[in-house]
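All remarks here apply to the structure that follows.
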Amino acid sequence: MSGSRSRVRCGRWCGGAFGRETRRYNGPITNTGEDIRSIYERHYSVASRRGWWSDPWSERNLRAVYYRQLQERAIVGALNDIEFELAGADILDVGCGTGWLLRFFASLRADPSRLHGIDLVPERIQFARAQSPMLDLRVGDATALPYRDESFDLVCQFTALSSFTDLTSQRRFASEMTRVLRPGGHVLWLEITRQLKGARTRAVDAAAMRELFPGFDVLDERALFHRLTPRLVDLPALCAALERLPLPKTNTLAILRNSGRL
Ligand SMILES: C[S@@+](CC[C@H](N)C(=O)[O-])C[C@H]1O[C@@H](n2cnc3c(N)ncnc32)[C@H](O)[C@@H]1O
């Protein structure tokens, strides 16, 4: 990786709301799986030297706590609205990172033996396994998922697909998610929808999401994270107001269902 590539700020990389918004994609032409892995590995070695809570997305970082709470509220709201029952569902989180989403599902009565996660970065999977030994957690690439066709009722991805900056890889990622999903199964998705200048991610807006999942119905769509939220997390009342107002947001949480129509 070149020097300038490696000086990526984590907040931008992690799909956060930092950086200036831009409508056009102006990042590098491609991020290969190897690029993505080395960025995360580099980031984690820096974070562990400094103290792991210095990582803006660690469980001990107050900004990350606030973001996670917003996501959890949105997930529960969306699942309740479509009356999705987690108990008894086979669930996969692609790009699961340290596994928080799977642990959150377990706290919502999903069966831990039916929770599966996969991530490119071995350190993240090691951490996830230490936290949750009962889950099936694997190191692997979303573009070649090591699961049989039609294995899951719910396939999730949270800001992993946007790590790929080329459309071909994003399409392969989405088609693998579709392959392992059962007919009538659901996708739960959180993605960056506004391209950030200088970010090494490629935003996926509502139209691009629909193109990635032809034959799916979008059952629920919620905008999350005002661009000022990261700077205001010490003023939660103000953040909450910004989130409630119908202002542009940087991310979207969506639930899609495979209708079987193509
Ligand atoms: C921004 S982090 C989000 C992690 C987790 N989904 C969360 O919400 O906390 C993106 C994660 O996707 C993983 N990732 C990116 N591209 C991937 C790929 N092609 N296959 C598997 N994992 C990938 C990264 O290693 C990273 O852990």
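Residue names in the structure tokens use chain letters A, B, ... in the order shown, residue numbers from 1 in each chain, and ligand numbers from 1 in the order shown.
For Gly140 in chain A, the set of protein, DNA and RNA residues having any atom at most 8 Å away, when counting only C-alpha atoms and skipping those fewer than 5 positions along the same chain, is Ile118, Asp119, Leu120, Val121, Leu145 and Pro146 of chain A.
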Generate the output file for the selected residues, C-alpha atoms, as a compact mmCIF listing (two decimals), in the first residue's frame.
# COMPACT_ATOMS: atom_id res chain seq x y z
CA ILE A 118 -17.63 -13.76 8.37
CA ASP A 119 -14.96 -11.07 8.01
CA LEU A 120 -11.81 -10.55 5.99
CA VAL A 121 -9.68 -9.56 8.97
CA LEU A 145 -18.89 -16.98 0.71
CA PRO A 146 -18.14 -20.47 2.09
Within 6 Å of ligand 1 (counting only C-alpha atoms and all ligand atoms), which residues show up? I'd like them as a compact mmCIF listing (two decimals) with C-alpha atoms, in the first residue's frame.
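The result, stored in part-v4.txt:
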# COMPACT_ATOMS: atom_id res chain seq x y z
CA CYS A 14 -15.51 3.02 8.79
CA GLY A 15 -18.43 4.52 6.95
CA GLY A 33 -9.76 -7.52 -0.62
CA ARG A 37 -7.58 -6.29 4.98
CA GLY A 95 -18.31 -8.24 7.25
CA CYS A 96 -19.29 -8.87 10.88
CA GLY A 97 -16.18 -7.16 12.33
CA ASP A 119 -14.96 -11.07 8.01
CA LEU A 120 -11.81 -10.55 5.99
CA VAL A 121 -9.68 -9.56 8.97
CA GLY A 140 -13.30 -15.13 4.55
CA ASP A 141 -14.25 -12.90 1.66
CA ALA A 142 -17.77 -11.74 0.95
CA THR A 143 -17.25 -12.23 -2.77
CA PHE A 158 -23.34 -3.23 7.79
CA THR A 159 -20.94 -0.89 5.95
CA ALA A 160 -18.84 -3.74 4.54
CA SER A 163 -15.40 -1.07 1.39
(request) Rank A:Thr229, A:Thr252, A:Ser175, A:Ser151 by their smallest atom-to-atom distance to Leu188 in chain A, using only C-alpha atoms, and report the top residue only. (result) A:Thr252
(request) Between CA of Arg200 in chain A and CA of Ala174 in chain A, measure the distance and give it in Å to one decimal. (result) 19.1 Å
(request) Go ahead and compute the interatomic distance for CA of Met177 in chain A and CA of Leu101 in chain A, in Å to one decimal. (result) 16.7 Å
(request) For CA of Ile192 in chain A and CA of Ala240 in chain A, quote the distance in Å rounded to one decimal. (result) 19.3 Å
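For range 202-219 of chain A, the list of residues within 7 Å, based on only C-alpha atoms and with local chain neighbours fewer than 4 positions off taken out, reads Tyr25, Ser162, Ser163, Phe164, Thr165, Arg171, Ala174, Glu191, Ile192, Thr193, Arg194, Gln195, Ile255, Leu256, Arg257, Asn258, Ser259, Gly260, Arg261 and Leu262 of chain A.
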(request) Within 9 Å of range 76-82 of chain A, counting only C-alpha atoms, which residues show up once you throw out same-chain ones fewer than 5 positions away? Write them as number ranges by chain, please. (result) A: 71, 108, 219-222, 253-255
(request) May I have the residues within 12 Å of Arg244 in chain A as a PyMOL selection string, using only C-alpha atoms and disregarding those fewer than 2 positions away in the same chain? (result) chain A and resi 70+74+222-226+229+237-242+246-249
(request) List every residue of range 71-243 of chain A that DSSP, applied to the backbone of this structure, places in strand (DSSP E or B), and write the result as a ChimeraX atom specification. (result) /A:91-94,115-119,136-139,152-158,181-192,195-196,216-224
Please return, as a compact mmCIF listing (two decimals) with C-alpha atoms, in the first residue's frame, all residues of range 22-222 of chain A that DSSP assigns to helix (DSSP H, G or I) on the basis of the backbone.
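part33.txt written:
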# COMPACT_ATOMS: atom_id res chain seq x y z
CA GLY A 33 -9.76 -7.52 -0.62
CA GLU A 34 -6.03 -7.33 0.17
CA ASP A 35 -6.20 -3.50 0.42
CA ILE A 36 -9.21 -3.70 2.72
CA ARG A 37 -7.58 -6.29 4.98
CA SER A 38 -4.33 -4.32 5.29
CA ILE A 39 -6.14 -1.06 6.08
CA TYR A 40 -8.05 -2.69 8.91
CA GLU A 41 -5.02 -4.61 10.21
CA ARG A 42 -2.95 -1.43 10.21
CA HIS A 43 -5.68 0.49 11.91
CA TYR A 44 -6.07 -2.13 14.65
CA SER A 45 -2.36 -2.31 15.43
CA VAL A 46 -2.30 1.50 15.85
CA ALA A 47 -5.43 1.39 18.00
CA SER A 48 -4.05 -1.35 20.25
CA ARG A 49 -0.78 0.59 20.80
CA ARG A 50 -2.77 3.64 21.89
CA TRP A 52 -8.14 0.05 22.30
CA TRP A 53 -10.79 2.56 23.41
CA SER A 54 -9.02 5.21 21.29
CA LEU A 62 -18.59 7.20 23.57
CA ARG A 63 -19.19 8.24 19.99
CA ALA A 64 -19.35 4.60 18.93
CA VAL A 65 -21.72 3.88 21.83
CA TYR A 66 -24.04 6.63 20.61
CA TYR A 67 -23.93 5.36 17.01
CA ARG A 68 -24.56 1.80 18.11
CA GLN A 69 -27.56 2.87 20.16
CA LEU A 70 -29.03 4.66 17.14
CA GLN A 71 -28.47 1.58 15.02
CA GLU A 72 -30.01 -0.72 17.62
CA ARG A 73 -33.12 1.47 17.85
CA ALA A 74 -33.44 1.50 14.05
CA ILE A 75 -32.92 -2.28 13.79
CA VAL A 76 -35.53 -3.06 16.44
CA GLY A 77 -37.97 -0.56 14.89
CA ALA A 78 -37.55 -2.07 11.42
CA LEU A 79 -37.76 -5.70 12.61
CA ASN A 80 -40.86 -4.92 14.66
CA ASP A 81 -42.52 -3.11 11.77
CA TRP A 100 -21.61 -6.83 17.85
CA LEU A 101 -24.62 -7.25 15.56
CA LEU A 102 -24.72 -11.01 16.15
CA ARG A 103 -24.44 -10.49 19.93
CA PHE A 104 -27.24 -7.94 19.67
CA PHE A 105 -29.41 -10.50 17.84
CA ALA A 106 -28.65 -13.04 20.59
CA SER A 107 -29.89 -10.49 23.14
CA PRO A 112 -26.84 -18.44 19.15
CA SER A 113 -26.28 -21.77 17.39
CA ARG A 114 -27.92 -20.28 14.27
CA PRO A 122 -8.44 -12.42 11.21
CA GLU A 123 -7.93 -10.14 14.26
CA ARG A 124 -11.56 -9.08 14.19
CA ILE A 125 -12.75 -12.68 14.01
CA GLN A 126 -10.37 -13.68 16.83
CA PHE A 127 -11.85 -10.91 18.97
CA ALA A 128 -15.39 -11.93 18.05
CA ARG A 129 -14.68 -15.60 18.90
CA ALA A 130 -13.24 -14.65 22.29
CA GLN A 131 -16.41 -12.66 23.05
CA ALA A 142 -17.77 -11.74 0.95
CA THR A 143 -17.25 -12.23 -2.77
CA ALA A 144 -16.78 -16.01 -2.29
CA LEU A 161 -20.01 -3.69 0.91
CA SER A 162 -19.00 -0.02 0.55
CA SER A 163 -15.40 -1.07 1.39
CA LEU A 167 -19.02 -1.76 -8.90
CA THR A 168 -18.03 -5.22 -10.10
CA SER A 169 -16.91 -6.25 -6.60
CA GLN A 170 -19.97 -4.64 -5.01
CA ARG A 171 -22.18 -6.64 -7.41
CA ARG A 172 -20.34 -9.88 -6.60
CA PHE A 173 -20.74 -9.15 -2.87
CA ALA A 174 -24.51 -8.61 -3.29
CA SER A 175 -24.95 -11.65 -5.54
CA GLU A 176 -23.22 -13.86 -2.95
CA MET A 177 -25.56 -12.50 -0.27
CA THR A 178 -28.46 -13.37 -2.57
CA ARG A 179 -27.12 -16.86 -3.36
CA ALA A 206 -31.15 3.94 -2.59
CA ALA A 207 -31.11 3.48 -6.38
CA ALA A 208 -27.77 1.64 -6.32
CA MET A 209 -29.03 -0.63 -3.52
CA ARG A 210 -32.07 -1.59 -5.62
CA GLU A 211 -29.83 -2.34 -8.60
CA LEU A 212 -27.66 -4.60 -6.45
